[in-house]
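Single-structure report; data block below.
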Amino acid sequence: MPSSLSHGRLWTGIDQLARRHGLSVSGLAKAAGLDPTAFNKSKRVTPEGRPRWPSTESLSRILEATGASLDELTLLIEGEEAGGRQRRVPLIGLAQAGTGGYFDDAGFPVGGGWDEVSFPDVKDENAYALEVAGDSMAPVYRDGDTIVVSPAASVRRGDRVVVKTISGEVMAKVLARRTAKSVELQSLNPAYETRVLKPEDILWMARIIWASQ
């Protein structure tokens, strides 16, 4: 969370998260299994007028309900209330990402020929954007959406990731399970099967930290 997190900034981030997923704040609360009035403006202060903060459990529930990461919520908070800080990052089509010359073996962007796109600032100077094409990531990411990837971010089970195989295939999946012998990648689109790869078949894996929808 931002180092200067305030009551108003946190609630604004929740409002933004709801809008990004086509929900009212009441709809977001219901989707998270909470009282529909939990996020109403009247509930954001006590009867005595003191600020009322959302609980960590309610934050966890809305992230789970929307599939958003803590990083995404943090970016919404900072982008809306911290002066709208923006930075420009390289942008490439997802299909192009499978060809050579754009990434090094660790998944960091290299070379030229990139377009650029602006998005809320994050600390990873190597972050880059991929433009979604087709329906392989639907309904989470649709054709034309832009996803921002952080090659420096740690990847944990349940994270949405972009994976590039040694054969040049690039895919967006959810890291379902990873062991010394296999990596299980769950599809975002239920029409596509879960993939199970050997670790040595994966060139790099990077976490998705933002999506422009």
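Just so we're on the same page: first chain in the structure tokens is A, next is B, and so on; residues restart at 1 for each chain, and ligands are numbered from 1 in the order they show up.
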Item to check | Residues within 10 Å of Thr165 in chain A, only C-alpha atoms, excluding chain neighbours under 3 positions, as a PyMOL selection string | outcome: chain A and resi 98+168-171+197-205
Take the residues from that selection and put them in a file with N, CA, C and O atoms, as a PDB file, in the first residue's frame.
ATOM      1  N   GLY A  98       5.902 -13.294 -29.159  1.00  0.00           N
ATOM      2  CA  GLY A  98       6.430 -14.629 -29.400  1.00  0.00           C
ATOM      3  C   GLY A  98       7.614 -14.654 -30.339  1.00  0.00           C
ATOM      4  O   GLY A  98       8.302 -15.663 -30.458  1.00  0.00           O
ATOM      5  N   GLY A 168       8.664 -20.321 -28.102  1.00  0.00           N
ATOM      6  CA  GLY A 168       8.212 -19.018 -28.571  1.00  0.00           C
ATOM      7  C   GLY A 168       6.753 -18.731 -28.318  1.00  0.00           C
ATOM      8  O   GLY A 168       6.270 -17.640 -28.631  1.00  0.00           O
ATOM      9  N   GLU A 169       6.018 -19.668 -27.727  1.00  0.00           N
ATOM     10  CA  GLU A 169       4.605 -19.432 -27.421  1.00  0.00           C
ATOM     11  C   GLU A 169       4.493 -18.482 -26.228  1.00  0.00           C
ATOM     12  O   GLU A 169       5.202 -18.613 -25.240  1.00  0.00           O
ATOM     13  N   VAL A 170       3.577 -17.519 -26.331  1.00  0.00           N
ATOM     14  CA  VAL A 170       3.321 -16.572 -25.250  1.00  0.00           C
ATOM     15  C   VAL A 170       1.861 -16.692 -24.850  1.00  0.00           C
ATOM     16  O   VAL A 170       0.968 -16.679 -25.700  1.00  0.00           O
ATOM     17  N   MET A 171       1.619 -16.822 -23.557  1.00  0.00           N
ATOM     18  CA  MET A 171       0.252 -17.012 -23.077  1.00  0.00           C
ATOM     19  C   MET A 171       0.051 -16.315 -21.744  1.00  0.00           C
ATOM     20  O   MET A 171       1.000 -16.100 -20.993  1.00  0.00           O
ATOM     21  N   LEU A 197       3.271 -27.686 -17.872  1.00  0.00           N
ATOM     22  CA  LEU A 197       4.564 -27.625 -18.557  1.00  0.00           C
ATOM     23  C   LEU A 197       5.669 -28.063 -17.611  1.00  0.00           C
ATOM     24  O   LEU A 197       5.537 -27.974 -16.385  1.00  0.00           O
ATOM     25  N   LYS A 198       6.754 -28.496 -18.182  1.00  0.00           N
ATOM     26  CA  LYS A 198       7.953 -28.750 -17.401  1.00  0.00           C
ATOM     27  C   LYS A 198       8.672 -27.415 -17.176  1.00  0.00           C
ATOM     28  O   LYS A 198       8.673 -26.554 -18.062  1.00  0.00           O
ATOM     29  N   PRO A 199       9.277 -27.224 -16.023  1.00  0.00           N
ATOM     30  CA  PRO A 199       9.976 -25.958 -15.767  1.00  0.00           C
ATOM     31  C   PRO A 199      11.002 -25.606 -16.832  1.00  0.00           C
ATOM     32  O   PRO A 199      11.159 -24.437 -17.196  1.00  0.00           O
ATOM     33  N   GLU A 200      11.664 -26.619 -17.376  1.00  0.00           N
ATOM     34  CA  GLU A 200      12.691 -26.348 -18.381  1.00  0.00           C
ATOM     35  C   GLU A 200      12.103 -25.919 -19.731  1.00  0.00           C
ATOM     36  O   GLU A 200      12.824 -25.447 -20.612  1.00  0.00           O
ATOM     37  N   ASP A 201      10.781 -26.082 -19.901  1.00  0.00           N
ATOM     38  CA  ASP A 201      10.131 -25.649 -21.138  1.00  0.00           C
ATOM     39  C   ASP A 201       9.712 -24.179 -21.086  1.00  0.00           C
ATOM     40  O   ASP A 201       9.248 -23.628 -22.087  1.00  0.00           O
ATOM     41  N   ILE A 202       9.859 -23.546 -19.931  1.00  0.00           N
ATOM     42  CA  ILE A 202       9.455 -22.145 -19.757  1.00  0.00           C
ATOM     43  C   ILE A 202      10.687 -21.244 -19.822  1.00  0.00           C
ATOM     44  O   ILE A 202      11.624 -21.410 -19.049  1.00  0.00           O
ATOM     45  N   LEU A 203      10.661 -20.317 -20.771  1.00  0.00           N
ATOM     46  CA  LEU A 203      11.775 -19.374 -20.909  1.00  0.00           C
ATOM     47  C   LEU A 203      11.713 -18.322 -19.805  1.00  0.00           C
ATOM     48  O   LEU A 203      12.713 -18.028 -19.161  1.00  0.00           O
ATOM     49  N   TRP A 204      10.519 -17.739 -19.621  1.00  0.00           N
ATOM     50  CA  TRP A 204      10.319 -16.807 -18.518  1.00  0.00           C
ATOM     51  C   TRP A 204       8.843 -16.707 -18.155  1.00  0.00           C
ATOM     52  O   TRP A 204       7.963 -17.058 -18.937  1.00  0.00           O
ATOM     53  N   MET A 205       8.614 -16.221 -16.937  1.00  0.00           N
ATOM     54  CA  MET A 205       7.256 -16.007 -16.431  1.00  0.00           C
ATOM     55  C   MET A 205       7.237 -14.681 -15.691  1.00  0.00           C
ATOM     56  O   MET A 205       8.115 -14.414 -14.872  1.00  0.00           O
TER      57      MET A 205
END
Item to check | Nearby residues (only C-alpha atoms) at most 9 Å from Asp124 in chain A, same-chain spacing under 6 positions excluded, as a count of residues only | outcome: 4
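If only C-alpha atoms are the atoms counted, then among A:Pro190, A:Gly93, A:Gly13, A:Pro36 the closest residue to Ala138 in chain A is A:Pro190.
Restricting the calculation to only C-alpha atoms, the smallest distance between Asp105 in chain A and any of A:Leu59, A:Ala31, A:Ala206, A:Leu76 is found for A:Ala206.
The neighbours of range 174-184 of chain A here are the residues that come within 7 Å of it, using only C-alpha atoms and leaving out any residue fewer than 3 positions away in the same chain; they are Arg157, Gly158, Asp159, Arg160, Val161, Ser187, Leu188, Arg195, Val196, Leu197, Lys198 and Pro199 of chain A.
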Kindly export the residues of the current selection with N, CA, C and O atoms, as a PDB file, in the first residue's frame.
ATOM      1  N   ARG A 157       1.562 -18.506  -6.267  1.00  0.00           N
ATOM      2  CA  ARG A 157       0.392 -19.281  -6.663  1.00  0.00           C
ATOM      3  C   ARG A 157      -0.846 -18.394  -6.647  1.00  0.00           C
ATOM      4  O   ARG A 157      -1.076 -17.625  -5.715  1.00  0.00           O
ATOM      5  N   GLY A 158      -1.650 -18.480  -7.704  1.00  0.00           N
ATOM      6  CA  GLY A 158      -2.850 -17.664  -7.827  1.00  0.00           C
ATOM      7  C   GLY A 158      -2.646 -16.377  -8.594  1.00  0.00           C
ATOM      8  O   GLY A 158      -3.622 -15.705  -8.940  1.00  0.00           O
ATOM      9  N   ASP A 159      -1.398 -16.007  -8.884  1.00  0.00           N
ATOM     10  CA  ASP A 159      -1.129 -14.792  -9.648  1.00  0.00           C
ATOM     11  C   ASP A 159      -1.463 -14.979 -11.118  1.00  0.00           C
ATOM     12  O   ASP A 159      -1.303 -16.077 -11.675  1.00  0.00           O
ATOM     13  N   ARG A 160      -1.909 -13.906 -11.758  1.00  0.00           N
ATOM     14  CA  ARG A 160      -2.059 -13.907 -13.209  1.00  0.00           C
ATOM     15  C   ARG A 160      -0.698 -13.596 -13.813  1.00  0.00           C
ATOM     16  O   ARG A 160      -0.033 -12.651 -13.387  1.00  0.00           O
ATOM     17  N   VAL A 161      -0.310 -14.378 -14.787  1.00  0.00           N
ATOM     18  CA  VAL A 161       1.046 -14.272 -15.315  1.00  0.00           C
ATOM     19  C   VAL A 161       1.049 -14.338 -16.837  1.00  0.00           C
ATOM     20  O   VAL A 161       0.102 -14.837 -17.454  1.00  0.00           O
ATOM     21  N   SER A 187      -6.184 -21.699 -17.382  1.00  0.00           N
ATOM     22  CA  SER A 187      -6.599 -20.761 -18.416  1.00  0.00           C
ATOM     23  C   SER A 187      -7.560 -19.726 -17.865  1.00  0.00           C
ATOM     24  O   SER A 187      -8.394 -20.010 -17.004  1.00  0.00           O
ATOM     25  N   LEU A 188      -7.453 -18.502 -18.360  1.00  0.00           N
ATOM     26  CA  LEU A 188      -8.386 -17.449 -18.007  1.00  0.00           C
ATOM     27  C   LEU A 188      -9.725 -17.661 -18.703  1.00  0.00           C
ATOM     28  O   LEU A 188     -10.772 -17.348 -18.160  1.00  0.00           O
ATOM     29  N   ARG A 195      -2.911 -25.846 -18.821  1.00  0.00           N
ATOM     30  CA  ARG A 195      -1.649 -26.335 -19.391  1.00  0.00           C
ATOM     31  C   ARG A 195      -0.719 -26.786 -18.262  1.00  0.00           C
ATOM     32  O   ARG A 195      -0.622 -26.119 -17.240  1.00  0.00           O
ATOM     33  N   VAL A 196      -0.052 -27.882 -18.484  1.00  0.00           N
ATOM     34  CA  VAL A 196       0.955 -28.358 -17.543  1.00  0.00           C
ATOM     35  C   VAL A 196       2.272 -28.458 -18.309  1.00  0.00           C
ATOM     36  O   VAL A 196       2.374 -29.202 -19.288  1.00  0.00           O
ATOM     37  N   LEU A 197       3.271 -27.686 -17.872  1.00  0.00           N
ATOM     38  CA  LEU A 197       4.564 -27.625 -18.557  1.00  0.00           C
ATOM     39  C   LEU A 197       5.669 -28.063 -17.611  1.00  0.00           C
ATOM     40  O   LEU A 197       5.537 -27.974 -16.385  1.00  0.00           O
ATOM     41  N   LYS A 198       6.754 -28.496 -18.182  1.00  0.00           N
ATOM     42  CA  LYS A 198       7.953 -28.750 -17.401  1.00  0.00           C
ATOM     43  C   LYS A 198       8.672 -27.415 -17.176  1.00  0.00           C
ATOM     44  O   LYS A 198       8.673 -26.554 -18.062  1.00  0.00           O
ATOM     45  N   PRO A 199       9.277 -27.224 -16.023  1.00  0.00           N
ATOM     46  CA  PRO A 199       9.976 -25.958 -15.767  1.00  0.00           C
ATOM     47  C   PRO A 199      11.002 -25.606 -16.832  1.00  0.00           C
ATOM     48  O   PRO A 199      11.159 -24.437 -17.196  1.00  0.00           O
TER      49      PRO A 199
END
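Between CA of Ala65 in chain A and CA of Ala29 in chain A there is a distance of 9.2 Å.
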Test item: residues at most 10 Å from Leu28 in chain A, only C-alpha atoms, excluding those fewer than 2 positions along its chain, as a PDB file with all heavy atoms, in the first residue's frame:
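So result_36.pdb came out as:
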ATOM      1  N   ILE A  14     -11.198   1.822  -3.756  1.00  0.00           N
ATOM      2  CA  ILE A  14     -12.288   0.838  -3.786  1.00  0.00           C
ATOM      3  C   ILE A  14     -13.343   1.260  -4.801  1.00  0.00           C
ATOM      4  O   ILE A  14     -13.857   0.434  -5.567  1.00  0.00           O
ATOM      5  CB  ILE A  14     -12.883   0.676  -2.379  1.00  0.00           C
ATOM      6  CG1 ILE A  14     -11.865   0.010  -1.449  1.00  0.00           C
ATOM      7  CG2 ILE A  14     -14.179  -0.141  -2.425  1.00  0.00           C
ATOM      8  CD1 ILE A  14     -12.285  -0.065  -0.006  1.00  0.00           C
ATOM      9  N   ASP A  15     -13.678   2.544  -4.822  1.00  0.00           N
ATOM     10  CA  ASP A  15     -14.639   3.054  -5.816  1.00  0.00           C
ATOM     11  C   ASP A  15     -14.138   2.772  -7.230  1.00  0.00           C
ATOM     12  O   ASP A  15     -14.907   2.339  -8.109  1.00  0.00           O
ATOM     13  CB  ASP A  15     -14.846   4.555  -5.636  1.00  0.00           C
ATOM     14  CG  ASP A  15     -15.562   4.911  -4.340  1.00  0.00           C
ATOM     15  OD1 ASP A  15     -16.215   4.020  -3.766  1.00  0.00           O
ATOM     16  OD2 ASP A  15     -15.456   6.072  -3.911  1.00  0.00           O
ATOM     17  N   LEU A  17     -11.987   0.477  -8.200  1.00  0.00           N
ATOM     18  CA  LEU A  17     -11.995  -0.961  -8.464  1.00  0.00           C
ATOM     19  C   LEU A  17     -13.382  -1.422  -8.870  1.00  0.00           C
ATOM     20  O   LEU A  17     -13.537  -2.212  -9.815  1.00  0.00           O
ATOM     21  CB  LEU A  17     -11.523  -1.719  -7.218  1.00  0.00           C
ATOM     22  CG  LEU A  17     -11.387  -3.239  -7.370  1.00  0.00           C
ATOM     23  CD1 LEU A  17     -10.263  -3.583  -8.354  1.00  0.00           C
ATOM     24  CD2 LEU A  17     -11.121  -3.888  -6.020  1.00  0.00           C
ATOM     25  N   ALA A  18     -14.402  -0.925  -8.192  1.00  0.00           N
ATOM     26  CA  ALA A  18     -15.769  -1.286  -8.547  1.00  0.00           C
ATOM     27  C   ALA A  18     -16.094  -0.848  -9.975  1.00  0.00           C
ATOM     28  O   ALA A  18     -16.633  -1.638 -10.775  1.00  0.00           O
ATOM     29  CB  ALA A  18     -16.745  -0.643  -7.561  1.00  0.00           C
ATOM     30  N   ARG A  19     -15.749   0.394 -10.319  1.00  0.00           N
ATOM     31  CA  ARG A  19     -16.048   0.903 -11.666  1.00  0.00           C
ATOM     32  C   ARG A  19     -15.323   0.114 -12.742  1.00  0.00           C
ATOM     33  O   ARG A  19     -15.871  -0.143 -13.811  1.00  0.00           O
ATOM     34  CB  ARG A  19     -15.685   2.392 -11.751  1.00  0.00           C
ATOM     35  CG  ARG A  19     -16.696   3.298 -11.102  1.00  0.00           C
ATOM     36  CD  ARG A  19     -16.507   4.744 -11.530  1.00  0.00           C
ATOM     37  NE  ARG A  19     -15.331   5.332 -10.921  1.00  0.00           N
ATOM     38  CZ  ARG A  19     -15.335   5.976  -9.756  1.00  0.00           C
ATOM     39  NH1 ARG A  19     -16.454   6.088  -9.068  1.00  0.00           N
ATOM     40  NH2 ARG A  19     -14.233   6.515  -9.278  1.00  0.00           N
ATOM     41  N   HIS A  21     -14.692  -2.890 -12.833  1.00  0.00           N
ATOM     42  CA  HIS A  21     -15.337  -4.185 -13.040  1.00  0.00           C
ATOM     43  C   HIS A  21     -16.837  -4.049 -13.287  1.00  0.00           C
ATOM     44  O   HIS A  21     -17.592  -5.017 -13.169  1.00  0.00           O
ATOM     45  CB  HIS A  21     -15.058  -5.095 -11.843  1.00  0.00           C
ATOM     46  CG  HIS A  21     -13.620  -5.524 -11.760  1.00  0.00           C
ATOM     47  ND1 HIS A  21     -13.143  -6.660 -12.380  1.00  0.00           N
ATOM     48  CD2 HIS A  21     -12.537  -4.931 -11.177  1.00  0.00           C
ATOM     49  CE1 HIS A  21     -11.842  -6.763 -12.155  1.00  0.00           C
ATOM     50  NE2 HIS A  21     -11.456  -5.735 -11.438  1.00  0.00           N
ATOM     51  N   GLY A  22     -17.261  -2.840 -13.656  1.00  0.00           N
ATOM     52  CA  GLY A  22     -18.645  -2.616 -14.040  1.00  0.00           C
ATOM     53  C   GLY A  22     -19.636  -2.760 -12.904  1.00  0.00           C
ATOM     54  O   GLY A  22     -20.788  -3.152 -13.124  1.00  0.00           O
ATOM     55  N   LEU A  23     -19.204  -2.435 -11.686  1.00  0.00           N
ATOM     56  CA  LEU A  23     -20.047  -2.625 -10.515  1.00  0.00           C
ATOM     57  C   LEU A  23     -20.248  -1.310  -9.772  1.00  0.00           C
ATOM     58  O   LEU A  23     -19.405  -0.423  -9.809  1.00  0.00           O
ATOM     59  CB  LEU A  23     -19.408  -3.626  -9.548  1.00  0.00           C
ATOM     60  CG  LEU A  23     -19.194  -5.054 -10.054  1.00  0.00           C
ATOM     61  CD1 LEU A  23     -18.297  -5.824  -9.088  1.00  0.00           C
ATOM     62  CD2 LEU A  23     -20.530  -5.770 -10.227  1.00  0.00           C
ATOM     63  N   SER A  24     -21.371  -1.211  -9.072  1.00  0.00           N
ATOM     64  CA  SER A  24     -21.529  -0.161  -8.077  1.00  0.00           C
ATOM     65  C   SER A  24     -20.811  -0.624  -6.826  1.00  0.00           C
ATOM     66  O   SER A  24     -20.418  -1.793  -6.707  1.00  0.00           O
ATOM     67  CB  SER A  24     -23.013   0.058  -7.777  1.00  0.00           C
ATOM     68  OG  SER A  24     -23.576  -1.121  -7.195  1.00  0.00           O
ATOM     69  N   VAL A  25     -20.631   0.277  -5.856  1.00  0.00           N
ATOM     70  CA  VAL A  25     -19.983  -0.165  -4.622  1.00  0.00           C
ATOM     71  C   VAL A  25     -20.848  -1.183  -3.894  1.00  0.00           C
ATOM     72  O   VAL A  25     -20.337  -2.100  -3.240  1.00  0.00           O
ATOM     73  CB  VAL A  25     -19.641   1.026  -3.703  1.00  0.00           C
ATOM     74  CG1 VAL A  25     -18.518   1.838  -4.286  1.00  0.00           C
ATOM     75  CG2 VAL A  25     -20.860   1.898  -3.425  1.00  0.00           C
ATOM     76  N   SER A  26     -22.164  -1.056  -4.036  1.00  0.00           N
ATOM     77  CA  SER A  26     -23.058  -2.057  -3.443  1.00  0.00           C
ATOM     78  C   SER A  26     -22.905  -3.394  -4.149  1.00  0.00           C
ATOM     79  O   SER A  26     -22.883  -4.454  -3.510  1.00  0.00           O
ATOM     80  CB  SER A  26     -24.514  -1.588  -3.529  1.00  0.00           C
ATOM     81  OG  SER A  26     -24.726  -0.419  -2.766  1.00  0.00           O
ATOM     82  N   LYS A  30     -21.690  -6.997  -2.557  1.00  0.00           N
ATOM     83  CA  LYS A  30     -22.464  -8.231  -2.708  1.00  0.00           C
ATOM     84  C   LYS A  30     -21.629  -9.323  -3.351  1.00  0.00           C
ATOM     85  O   LYS A  30     -21.668 -10.488  -2.938  1.00  0.00           O
ATOM     86  CB  LYS A  30     -23.722  -7.960  -3.543  1.00  0.00           C
ATOM     87  CG  LYS A  30     -24.775  -7.141  -2.825  1.00  0.00           C
ATOM     88  CD  LYS A  30     -25.946  -6.816  -3.731  1.00  0.00           C
ATOM     89  CE  LYS A  30     -26.687  -8.088  -4.158  1.00  0.00           C
ATOM     90  NZ  LYS A  30     -27.882  -7.749  -4.977  1.00  0.00           N
ATOM     91  N   ALA A  31     -20.852  -8.959  -4.382  1.00  0.00           N
ATOM     92  CA  ALA A  31     -20.004  -9.942  -5.061  1.00  0.00           C
ATOM     93  C   ALA A  31     -18.970 -10.530  -4.116  1.00  0.00           C
ATOM     94  O   ALA A  31     -18.552 -11.680  -4.272  1.00  0.00           O
ATOM     95  CB  ALA A  31     -19.308  -9.291  -6.261  1.00  0.00           C
ATOM     96  N   ALA A  32     -18.581  -9.738  -3.109  1.00  0.00           N
ATOM     97  CA  ALA A  32     -17.585 -10.195  -2.144  1.00  0.00           C
ATOM     98  C   ALA A  32     -18.213 -10.923  -0.962  1.00  0.00           C
ATOM     99  O   ALA A  32     -17.505 -11.319  -0.027  1.00  0.00           O
ATOM    100  CB  ALA A  32     -16.775  -8.997  -1.644  1.00  0.00           C
ATOM    101  N   GLY A  33     -19.538 -11.072  -0.985  1.00  0.00           N
ATOM    102  CA  GLY A  33     -20.213 -11.765   0.111  1.00  0.00           C
ATOM    103  C   GLY A  33     -20.380 -10.909   1.350  1.00  0.00           C
ATOM    104  O   GLY A  33     -20.549 -11.434   2.453  1.00  0.00           O
ATOM    105  N   LEU A  34     -20.363  -9.585   1.162  1.00  0.00           N
ATOM    106  CA  LEU A  34     -20.509  -8.656   2.276  1.00  0.00           C
ATOM    107  C   LEU A  34     -21.898  -8.024   2.252  1.00  0.00           C
ATOM    108  O   LEU A  34     -22.646  -8.154   1.271  1.00  0.00           O
ATOM    109  CB  LEU A  34     -19.447  -7.562   2.179  1.00  0.00           C
ATOM    110  CG  LEU A  34     -17.981  -8.027   2.170  1.00  0.00           C
ATOM    111  CD1 LEU A  34     -17.073  -6.853   1.820  1.00  0.00           C
ATOM    112  CD2 LEU A  34     -17.599  -8.626   3.513  1.00  0.00           C
ATOM    113  N   ASP A  35     -22.247  -7.340   3.328  1.00  0.00           N
ATOM    114  CA  ASP A  35     -23.495  -6.587   3.363  1.00  0.00           C
ATOM    115  C   ASP A  35     -23.483  -5.574   2.217  1.00  0.00           C
ATOM    116  O   ASP A  35     -22.488  -4.862   2.021  1.00  0.00           O
ATOM    117  CB  ASP A  35     -23.594  -5.850   4.705  1.00  0.00           C
ATOM    118  CG  ASP A  35     -24.924  -5.129   4.871  1.00  0.00           C
ATOM    119  OD1 ASP A  35     -25.223  -4.223   4.060  1.00  0.00           O
ATOM    120  OD2 ASP A  35     -25.655  -5.459   5.818  1.00  0.00           O
ATOM    121  N   PRO A  36     -24.567  -5.505   1.422  1.00  0.00           N
ATOM    122  CA  PRO A  36     -24.574  -4.593   0.268  1.00  0.00           C
ATOM    123  C   PRO A  36     -24.294  -3.136   0.624  1.00  0.00           C
ATOM    124  O   PRO A  36     -23.868  -2.366  -0.243  1.00  0.00           O
ATOM    125  CB  PRO A  36     -25.996  -4.754  -0.294  1.00  0.00           C
ATOM    126  CG  PRO A  36     -26.423  -6.108   0.161  1.00  0.00           C
ATOM    127  CD  PRO A  36     -25.801  -6.298   1.518  1.00  0.00           C
ATOM    128  N   THR A  37     -24.525  -2.755   1.870  1.00  0.00           N
ATOM    129  CA  THR A  37     -24.294  -1.357   2.266  1.00  0.00           C
ATOM    130  C   THR A  37     -22.903  -1.138   2.852  1.00  0.00           C
ATOM    131  O   THR A  37     -22.580  -0.023   3.284  1.00  0.00           O
ATOM    132  CB  THR A  37     -25.348  -0.914   3.301  1.00  0.00           C
ATOM    133  OG1 THR A  37     -25.162  -1.658   4.526  1.00  0.00           O
ATOM    134  CG2 THR A  37     -26.752  -1.148   2.784  1.00  0.00           C
ATOM    135  N   ALA A  38     -22.072  -2.184   2.883  1.00  0.00           N
ATOM    136  CA  ALA A  38     -20.784  -2.118   3.583  1.00  0.00           C
ATOM    137  C   ALA A  38     -19.896  -0.993   3.088  1.00  0.00           C
ATOM    138  O   ALA A  38     -19.121  -0.419   3.868  1.00  0.00           O
ATOM    139  CB  ALA A  38     -20.054  -3.455   3.463  1.00  0.00           C
ATOM    140  N   PHE A  39     -19.967  -0.668   1.776  1.00  0.00           N
ATOM    141  CA  PHE A  39     -19.083   0.335   1.208  1.00  0.00           C
ATOM    142  C   PHE A  39     -19.799   1.638   0.888  1.00  0.00           C
ATOM    143  O   PHE A  39     -19.220   2.516   0.240  1.00  0.00           O
ATOM    144  CB  PHE A  39     -18.413  -0.196  -0.058  1.00  0.00           C
ATOM    145  CG  PHE A  39     -17.552  -1.416   0.180  1.00  0.00           C
ATOM    146  CD1 PHE A  39     -17.432  -2.399  -0.798  1.00  0.00           C
ATOM    147  CD2 PHE A  39     -16.865  -1.583   1.365  1.00  0.00           C
ATOM    148  CE1 PHE A  39     -16.641  -3.518  -0.593  1.00  0.00           C
ATOM    149  CE2 PHE A  39     -16.078  -2.694   1.593  1.00  0.00           C
ATOM    150  CZ  PHE A  39     -15.961  -3.667   0.610  1.00  0.00           C
ATOM    151  N   ARG A  61     -11.611  -9.861   0.487  1.00  0.00           N
ATOM    152  CA  ARG A  61     -12.776 -10.430  -0.207  1.00  0.00           C
ATOM    153  C   ARG A  61     -13.039  -9.743  -1.539  1.00  0.00           C
ATOM    154  O   ARG A  61     -13.392 -10.396  -2.521  1.00  0.00           O
ATOM    155  CB  ARG A  61     -14.011 -10.336   0.684  1.00  0.00           C
ATOM    156  CG  ARG A  61     -14.032 -11.327   1.831  1.00  0.00           C
ATOM    157  CD  ARG A  61     -15.413 -11.367   2.459  1.00  0.00           C
ATOM    158  NE  ARG A  61     -15.495 -12.289   3.557  1.00  0.00           N
ATOM    159  CZ  ARG A  61     -16.641 -12.615   4.149  1.00  0.00           C
ATOM    160  NH1 ARG A  61     -17.778 -12.081   3.750  1.00  0.00           N
ATOM    161  NH2 ARG A  61     -16.644 -13.472   5.149  1.00  0.00           N
ATOM    162  N   ILE A  62     -12.870  -8.415  -1.583  1.00  0.00           N
ATOM    163  CA  ILE A  62     -13.142  -7.749  -2.863  1.00  0.00           C
ATOM    164  C   ILE A  62     -12.049  -8.056  -3.875  1.00  0.00           C
ATOM    165  O   ILE A  62     -12.324  -8.137  -5.085  1.00  0.00           O
ATOM    166  CB  ILE A  62     -13.336  -6.226  -2.703  1.00  0.00           C
ATOM    167  CG1 ILE A  62     -12.071  -5.544  -2.166  1.00  0.00           C
ATOM    168  CG2 ILE A  62     -14.534  -5.930  -1.828  1.00  0.00           C
ATOM    169  CD1 ILE A  62     -12.184  -4.015  -2.124  1.00  0.00           C
ATOM    170  N   LEU A  63     -10.827  -8.245  -3.417  1.00  0.00           N
ATOM    171  CA  LEU A  63      -9.767  -8.637  -4.347  1.00  0.00           C
ATOM    172  C   LEU A  63     -10.043 -10.025  -4.899  1.00  0.00           C
ATOM    173  O   LEU A  63      -9.874 -10.290  -6.093  1.00  0.00           O
ATOM    174  CB  LEU A  63      -8.409  -8.594  -3.651  1.00  0.00           C
ATOM    175  CG  LEU A  63      -7.896  -7.209  -3.241  1.00  0.00           C
ATOM    176  CD1 LEU A  63      -6.556  -7.326  -2.522  1.00  0.00           C
ATOM    177  CD2 LEU A  63      -7.772  -6.293  -4.447  1.00  0.00           C
ATOM    178  N   ALA A  65     -13.021 -11.470  -5.140  1.00  0.00           N
ATOM    179  CA  ALA A  65     -14.224 -11.429  -5.962  1.00  0.00           C
ATOM    180  C   ALA A  65     -13.961 -10.869  -7.354  1.00  0.00           C
ATOM    181  O   ALA A  65     -14.565 -11.310  -8.342  1.00  0.00           O
ATOM    182  CB  ALA A  65     -15.305 -10.604  -5.267  1.00  0.00           C
ATOM    183  N   THR A  66     -13.058  -9.890  -7.456  1.00  0.00           N
ATOM    184  CA  THR A  66     -12.774  -9.259  -8.744  1.00  0.00           C
ATOM    185  C   THR A  66     -11.600  -9.902  -9.464  1.00  0.00           C
ATOM    186  O   THR A  66     -11.395  -9.659 -10.654  1.00  0.00           O
ATOM    187  CB  THR A  66     -12.468  -7.765  -8.560  1.00  0.00           C
ATOM    188  OG1 THR A  66     -11.343  -7.618  -7.673  1.00  0.00           O
ATOM    189  CG2 THR A  66     -13.676  -7.034  -7.968  1.00  0.00           C
TER     190      THR A  66
END
Checklist entry - Quick one: DSSP alpha helix (DSSP H) residues in range 4-209 of chain A, as a PyMOL selection string? => result chain A and resi 7-20+25-31+56-66+70-81
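DSSP annotation of range 98-170 of chain A from backbone atoms: strand (DSSP E or B) residues are Phe103, Pro109, Asp115, Glu116, Val117, Ser118, Phe119, Pro120, Tyr128, Ala129, Leu130, Glu131, Thr146, Ile147, Val148, Val149, Ser150, Arg160, Val161, Val162, Val163, Lys164, Thr165 and Val170 of chain A.
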Item to check | Separation of CA of Ser167 in chain A from CA of Leu185 in chain A, in Å and rounded to one decimal | outcome: 16.5 Å
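Ranking A:Ala129, A:Ile208, A:Leu94, A:Ala106 by their shortest atom-to-atom distance to Val155 in chain A, with only C-alpha atoms included, puts A:Ile208 first.
Distance check against Pro54 in chain A using only C-alpha atoms: of A:Gly101, A:Pro139, A:Gly8, A:Gly144, the minimum falls on A:Gly8.
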Item to check | Shell around Arg52 in chain A at 10 Å using only C-alpha atoms, local window under 2 positions removed, as a ChimeraX atom specification | outcome: /A:7,11,42-47,49-50,54-55
